[in-house]
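**Student:** To start, I am sharing the structure in question, which I have written as structure tokens.
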Amino acid sequence: MKRFDTKLISLKPVARDYFELTFVWQADAGIPAPGTFLTVRTGGEYDPILRRPFAFSSFDKEARSAAFIFQNRGRGTSYLAQLSPGSSLDVLAPLGKGFVLPQGEARPILVGGGIGLGPMVYLADAIRTHAKAGHCEAAITVLGFRSADFIPSMPLPEGTVLCTDDGSLGFKGTAAAYLAALNDPLPPLYFACGPTAMMAAVEKIAALRNAPYQAATEQWMACGVGACMGCALRMKDGSYQRACADGPVFDGMLVDWETL
């Protein structure tokens, strides 16, 4: 974890109210794993007071750049949506625990929805490289959206299955509905990030198929470093885990999704 001042490289609208922000990465901050996140100061020195957390959507070691996708829906994100190339950013990263890459002869199945798109795109890129090296099987990526209007105009993993609730593009129905009908000869390994209802649905499918499930959770965060307990998640055993420090990636079979 390192705090550093950097510059914005580009800010691109990718869907309705969604943007991808790319910035210069500081080399001595290390390499962010898929599923980890960063926090950014938005606005002035005191307003807003709290930093904003975002999951990485890409990382390019050679170009020394990293990116995240955000939805413009509040004061902090409105500030980011108005920035221009060269603008200064105050970044704290990388934070949290990310996904463990798959190994062996099982099918990685990546499921994303809403703001969970970014972590899934980054994870898909990492798994593609991992698979080419012979460490795992190629992944299937399934992304769900309310309608075609929300599908991002950006490069998506090759072979991505697009699902829309209204059937305006791709599979008509939710990503979970597509998963329930998916039949692959290899045993599945599930990875997901998105709305709670989707995450809970993936858990049920994973349970039916006795499959591992890594879930990147989305929680409101205050400090982002594990000090305030504002992002606590309830587990099925009654204990609580901090999304920022103990996660945000957890064993999805252990999370009490009904309390989120």
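Following the order of the structure tokens, chains are lettered A, B, ..., residues in each are numbered from 1, and ligands are numbered from 1.
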Applying 9 Å and only C-alpha atoms, which residues near Ala201 of chain A remain after dropping the ones on its own chain fewer than 5 positions away? List them as a PyMOL selection string.

**Tutor:** chain A and resi 176-177+196+206

**Student:** Please report, as a VMD selection string, each residue of segment 10-243 of chain A to which DSSP assigns strand (DSSP E) when run on this structure's backbone.

**Tutor:** chain A and resid 10 to 15 18 to 24 37 to 40 52 to 60 65 to 71 88 to 95 107 to 113 140 to 145 161 to 164 171 to 172 188 to 193 213 to 216 232 to 234 240 to 242

**Student:** For segment 26-70 of chain A against segment 98-116 of chain A, with a cut-off of 10 Å and counting only C-alpha atoms, what is the closest atom pair and its distance in Å to one decimal for every residue that makes the cut, ordered by chain and number, as CSV?

**Tutor:**
```
residue,atom,partner,partner_atom,distance
A:Pro32,CA,A:Gly98,CA,8.5
A:Ala33,CA,A:Gly98,CA,5.7
A:Pro34,CA,A:Gly98,CA,5.5
A:Gly35,CA,A:Gly98,CA,4.1
A:Thr36,CA,A:Gly98,CA,4.7
A:Phe37,CA,A:Gly98,CA,8.4
A:Phe54,CA,A:Ile115,CA,9.3
A:Ala55,CA,A:Gly116,CA,8.4
A:Ser57,CA,A:Gly116,CA,9.3
A:Phe68,CA,A:Ile115,CA,9.8
A:Ile69,CA,A:Ile115,CA,7.1
A:Phe70,CA,A:Ile115,CA,6.7
```

**Student:** For the selection you just gave me, I'd like the residues written to a file as an mmCIF file, in the first residue's frame, keeping C-alpha atoms.

**Tutor:**
```cif
data_model
loop_
_atom_site.group_PDB
_atom_site.id
_atom_site.type_symbol
_atom_site.label_atom_id
_atom_site.label_comp_id
_atom_site.auth_asym_id
_atom_site.auth_seq_id
_atom_site.Cartn_x
_atom_site.Cartn_y
_atom_site.Cartn_z
ATOM 1 C CA PRO A 32 -2.254 -4.612 -8.132
ATOM 2 C CA ALA A 33 -3.898 -8.039 -8.235
ATOM 3 C CA PRO A 34 -7.329 -8.421 -9.859
ATOM 4 C CA GLY A 35 -9.975 -7.787 -7.220
ATOM 5 C CA THR A 36 -7.898 -5.311 -5.219
ATOM 6 C CA PHE A 37 -8.805 -1.634 -5.112
ATOM 7 C CA PHE A 54 -12.668 1.863 -6.796
ATOM 8 C CA ALA A 55 -11.667 -1.575 -8.049
ATOM 9 C CA SER A 57 -10.289 -2.513 -14.227
ATOM 10 C CA PHE A 68 -10.853 1.914 -12.847
ATOM 11 C CA ILE A 69 -14.493 2.171 -13.915
ATOM 12 C CA PHE A 70 -16.898 4.335 -11.930
#
```

**Student:** Quick one, how far is atom CA of Thr77 of chain A from atom CA of Thr42 of chain A?

**Tutor:**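 A separation of 7.5 Å between them.
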
**Student:** Smallest atom-to-atom distance to Leu83 of chain A: which of A:Val142, A:Leu50, A:Ala63, A:Leu21, using only C-alpha atoms?

**Tutor:**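 Checking each candidate against Leu83 of chain A, we get A:Leu21 as the closest.
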
**Student:** Which one is closest to Arg41 of chain A: A:Trp220, A:Tyr79, A:Phe150, A:Phe171? Count only C-alpha atoms.

**Tutor:**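 Checking each of A:Trp220, A:Tyr79, A:Phe150, A:Phe171 against Arg41 of chain A, counting only C-alpha atoms, the winner is A:Tyr79.
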
**Student:** Quick one: residues within 12 Å of Met235 of chain A, only C-alpha atoms counted, chain neighbours fewer than 5 positions away excluded, as a VMD selection string?

**Tutor:** chain A and resid 240 to 243 250 to 260

**Student:** In Å to one decimal, how far is atom CA of Leu156 of chain A from atom CA of Arg75 of chain A?

**Tutor:**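 According to the coordinates, atom CA of Arg75 of chain A and atom CA of Leu156 of chain A are separated by 28.7 Å.
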
**Student:** Report, in Å with one decimal, the straight-line distance from atom CA of His135 of chain A to atom CA of Phe191 of chain A.

**Tutor:**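 Computing the Euclidean distance for atom CA of His135 of chain A and atom CA of Phe191 of chain A yields 17.0 Å.
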